[in-house]
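Trainee: Before I ask anything, let me first share the structure, which is written out below as structure tokens.
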Amino acid sequence: MKKVALPRAGGRAMQESLTGYLFIAPQMVGFLVFVLGPIIAVFIFSLQSRNLLTGVATFHGVGNYLRMFTKDPLFNTTIANSLVFSLGVVPLNLVLALSLALGLSGRRTGTVTYRVIVFAPVVTSAVAWAVVWRFLLQGQQGIVNHLLALLDIHGPNWLREPSWAMVSVIFTRVLKNVGMNVVIFLAAITNLPREQMEAARVDGAGAPTVLFRIKLPLLAPSILMVMILTVIGSLNVFDTIMLMTGGGPENGTMVLVYYIYYNAFQFFDTGYASALAVVLFLVVLILTFLQWQMRRVVSYYES
Amino acid sequence: MKKWTLSILVLALLAFPLFAGGQKEQAASAGNGPVTLTFTDWSGFKGHVDLLNSIAQAYAQQHSNVSVNYVTIPFGDYVSKLTLELAGSNPPDAGWLVETSAPTFVDAGVLANLTQAVQKYNFADFSKPAMKLWEKSDQVYGIPFSTSPFVILYNKDLFKKAGIGDPVELAQKGQWTWADFRQIAKTIKEKTGVFAYEGPDGEGYGARVWYTLVPIIRAYGGNAWSATGACGMASPEAVQAVQLFHDMIFTDKSVVPPGDLSDFYAGNAAMTMGQISRVGKLQDASFAWGLAPLPTGPAGRADVIGQAAVVAFNAGKHAAIASDFVAFMTNEENVTKMSEYFPPARLSVMNSAAFLKANPLIPPEIMQSVVVAAMKDGTVAPYNANFPKIDLVSRAEFDKLWTPNADVKQVLTGLCTKIAPLLKQ
């Protein structure tokens, strides 16, 4: 690259820089005060032994982390549950969202209605969603089990058996959020270049080949982005768990954020909760970084 | 230039958490300047609000510079929100506190010492068992304003349909034991097809599991844990009691099972356990209802009372005035006013005719035979400074009970093993 002589500081350039900074200042101040500041605070709190009620805070070094990894069996359960939840939500969400988007991308009659139906759960209140599903998933009186009985299947007591409870929260979570991903994929599909697909059809490719060899690779950047967002969202789940299972039964749906909430606001142990939050932050950061590195592999047309 | 801005930004950020530690302002109460006390409660119910306002107005007549601002925080979040407000820059001055939080708050030293303030009136009028949770080393930290026993609310129409007599009469004849209760529940389910019993507030397997099981355990002579912290949940009495309840759910199928949302207040269960404050929900009920005592057991009566107290907070800016207001709120006159909704801890009011007539929905003879009798006999639910942790661990263990083939003895033994270390702390 040729070295270009920059204009001297002062005068026009300085004014332009200043205007730029002023424009972003409100956002940056908000970010620093409400996001970056508390994150740094949490890092510091995680090295302390703090009680939310008494306000006492003493330096504790890595005590919280040692406790987490050696003396807290519930922590291991929590991490396992969080990973199981993510592994359940992400593939299901992506496959469902992609299928729905591909299905809804045509111009057939009724598509608009279907799009509304698919997106409606996204704008529904999370509390209302959870309450209604709790009614639907009742063991004896729930409609879900009534419908299964019609097919001669004896449905379990969904929210009261540890493994089925996890399946239930995964399922209701996916149904709630899939609409958002469908919308993103729809936009991406609409923007797919037509030439490749027409060329492929002219060359005699059938629909499956067009789908798997052309459409999906072209959609790869969107899929990657949606995957990153869905992974982050699934690791941060709280409302679904709190409203539907309260972490149970038998801690079968106790996930990391709910455990953090419990430690901070039920046990008032904000030092330990901060340490847990730091661990969550690092897990999400590493996963996001790994996924971001994948873009080199999957993005065919980015330089 | 860029390096400098970056370093200054980072330094500014590092300074931020130092202020996040929370500096409590220790402003002394301004002598006679206008003072507004912030008082937190968990009820937005109009009757309660009017009652509290009238007490504030009466206080203002004697202390013209003091006004009270009532802040309502929903019960489910009450403790966490209150804790956050106390840690913040505008802490409340006084408020309600439920008995399950009493040991934690008293031990944390966040409650103002009310011993001085209560000297103003006849403090001995407060029943000793009621004061137990709110005193430490002979110092008073809270004054109970509600000592509300758990009773059985029952659907008279369903009882009639099943051909069962009135529970209050059965209790007087000594035919209202837990064994009788089980039989009656079975009959109701068979004859009406409706579930006979729902755990308190529908949370019998969740937040209210202790209130569901402890009355039965106590009626059989056991207890959750002793005062010295020895776990009693695996004793033969406790196992027998829990086995009875387990069999009612899974063998008789007369109890609303886990995960089922059938509700007494909607008429989908014949009985439930609750306090008299729940009676407000039945004002427009589509069925006739009544109150009955808790069933007895081999060890006799076993009443459980829930409590709530008024406390003042050290973090508040006007701790002294707040303490005085708390004492005012709990004097004899105001306790009588409050007894319409809140069963009093003051013996003089408890025994008065006014209290028996206080609630328009409950006949005086029921207040006497069911409510007052339970208040006099009852003890609070099991408490411990470590209760939140014990509850979390226990909940996971109790979950193992709610399957048809659960080995009750094994589960309860496992429960005791898990909570024993927490009880001793």
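Simple scheme: letters A, B, ... for chains in structure tokens order, numbers from 1 for residues in each chain, numbers from 1 for ligands in the order shown.
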Write out as a VMD selection string all residues of range 255-378 of chain B that backbone DSSP assigns to helix (DSSP H, G or I).

Mentor: chain B and resid 264 to 266 276 to 282 319 to 329 332 to 338 347 to 350 353 to 356 364 to 377

Trainee: Can you spit out the residues from that selection as a JSON list (two decimals), in the first residue's frame, using C-alpha atoms?

Mentor:
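File result33.json, as written:
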[["chain", "number", "residue", "atom", "x", "y", "z"],
["B", 264, "PHE", "CA", -59.70, -24.82, 44.06],
["B", 265, "TYR", "CA", -60.68, -21.20, 43.51],
["B", 266, "ALA", "CA", -62.03, -22.10, 40.08],
["B", 276, "ILE", "CA", -57.69, -16.27, 55.63],
["B", 277, "SER", "CA", -56.24, -13.64, 53.32],
["B", 278, "ARG", "CA", -57.11, -16.05, 50.45],
["B", 279, "VAL", "CA", -60.76, -15.68, 51.35],
["B", 280, "GLY", "CA", -60.75, -12.43, 49.37],
["B", 281, "LYS", "CA", -60.44, -14.54, 46.20],
["B", 282, "LEU", "CA", -63.72, -16.25, 46.99],
["B", 319, "ALA", "CA", -34.33, 5.09, 61.02],
["B", 320, "ALA", "CA", -35.42, 6.66, 64.31],
["B", 321, "ILE", "CA", -38.65, 8.14, 62.94],
["B", 322, "ALA", "CA", -39.32, 4.93, 61.02],
["B", 323, "SER", "CA", -38.96, 2.89, 64.21],
["B", 324, "ASP", "CA", -41.41, 5.20, 65.93],
["B", 325, "PHE", "CA", -43.88, 4.80, 63.06],
["B", 326, "VAL", "CA", -43.53, 1.02, 63.20],
["B", 327, "ALA", "CA", -44.35, 1.10, 66.89],
["B", 328, "PHE", "CA", -47.34, 3.34, 66.19],
["B", 329, "MET", "CA", -48.59, 1.00, 63.47],
["B", 332, "GLU", "CA", -53.43, -1.71, 70.17],
["B", 333, "GLU", "CA", -55.73, 0.64, 68.28],
["B", 334, "ASN", "CA", -54.12, 0.08, 64.91],
["B", 335, "VAL", "CA", -53.76, -3.68, 65.37],
["B", 336, "THR", "CA", -57.51, -3.77, 65.97],
["B", 337, "LYS", "CA", -58.04, -1.81, 62.74],
["B", 338, "MET", "CA", -55.78, -4.20, 60.84],
["B", 347, "LEU", "CA", -53.40, -11.30, 72.69],
["B", 348, "SER", "CA", -55.84, -8.59, 73.75],
["B", 349, "VAL", "CA", -57.03, -8.08, 70.19],
["B", 350, "MET", "CA", -56.98, -11.80, 69.39],
["B", 353, "ALA", "CA", -65.16, -9.64, 70.00],
["B", 354, "ALA", "CA", -64.15, -7.03, 67.44],
["B", 355, "PHE", "CA", -61.64, -9.40, 65.86],
["B", 356, "LEU", "CA", -64.19, -12.18, 65.51],
["B", 364, "PRO", "CA", -67.66, -15.17, 63.96],
["B", 365, "GLU", "CA", -68.10, -18.74, 65.21],
["B", 366, "ILE", "CA", -65.78, -20.00, 62.44],
["B", 367, "MET", "CA", -63.24, -17.30, 63.31],
["B", 368, "GLN", "CA", -63.32, -18.54, 66.88],
["B", 369, "SER", "CA", -63.31, -22.28, 66.36],
["B", 370, "VAL", "CA", -61.04, -22.45, 63.35],
["B", 371, "VAL", "CA", -58.85, -19.37, 63.09],
["B", 372, "VAL", "CA", -58.30, -18.29, 66.70],
["B", 373, "ALA", "CA", -57.88, -21.87, 67.88],
["B", 374, "ALA", "CA", -55.17, -22.43, 65.26],
["B", 375, "MET", "CA", -53.46, -19.15, 66.12],
["B", 376, "LYS", "CA", -53.20, -20.13, 69.75],
["B", 377, "ASP", "CA", -51.91, -23.60, 69.01]]

Trainee: Please find the residues of chain A near chain B - the criterion being any atom within 10 Å, counting only C-alpha atoms - and write them as number ranges by chain.

Mentor: A: 32-33, 36-45, 50-57, 74, 134-135, 137-142, 157-162, 245-252, 262-268

Trainee: So that I can see what lies close to Ile184 in chain A, please list as a PDB file with C-alpha atoms, in the first residue's frame the residues with an atom at most 9 Å from it, counting only C-alpha atoms and leaving out residues fewer than 6 positions away in the same chain.

Mentor:
ATOM      1  CA  ALA A 101     -38.160 -19.956   5.032  1.00  0.00           C
ATOM      2  CA  SER A 222     -26.766 -15.921   6.858  1.00  0.00           C
ATOM      3  CA  VAL A 226     -28.213 -16.871  12.672  1.00  0.00           C
TER       4      VAL A 226
END

Trainee: Between CA of Asp138 in chain B and CA of Ser339 in chain B, measure the distance and give it in Å to one decimal.

Mentor: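 Straight-line distance from CA of Asp138 in chain B to CA of Ser339 in chain B works out to 26.6 Å.
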
Trainee: If I take CA of Val35 in chain B and CA of Val66 in chain B, how far is one from the other in Å, to one decimal?

Mentor: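 Spanning CA of Val35 in chain B to CA of Val66 in chain B is a straight-line distance of 4.8 Å.
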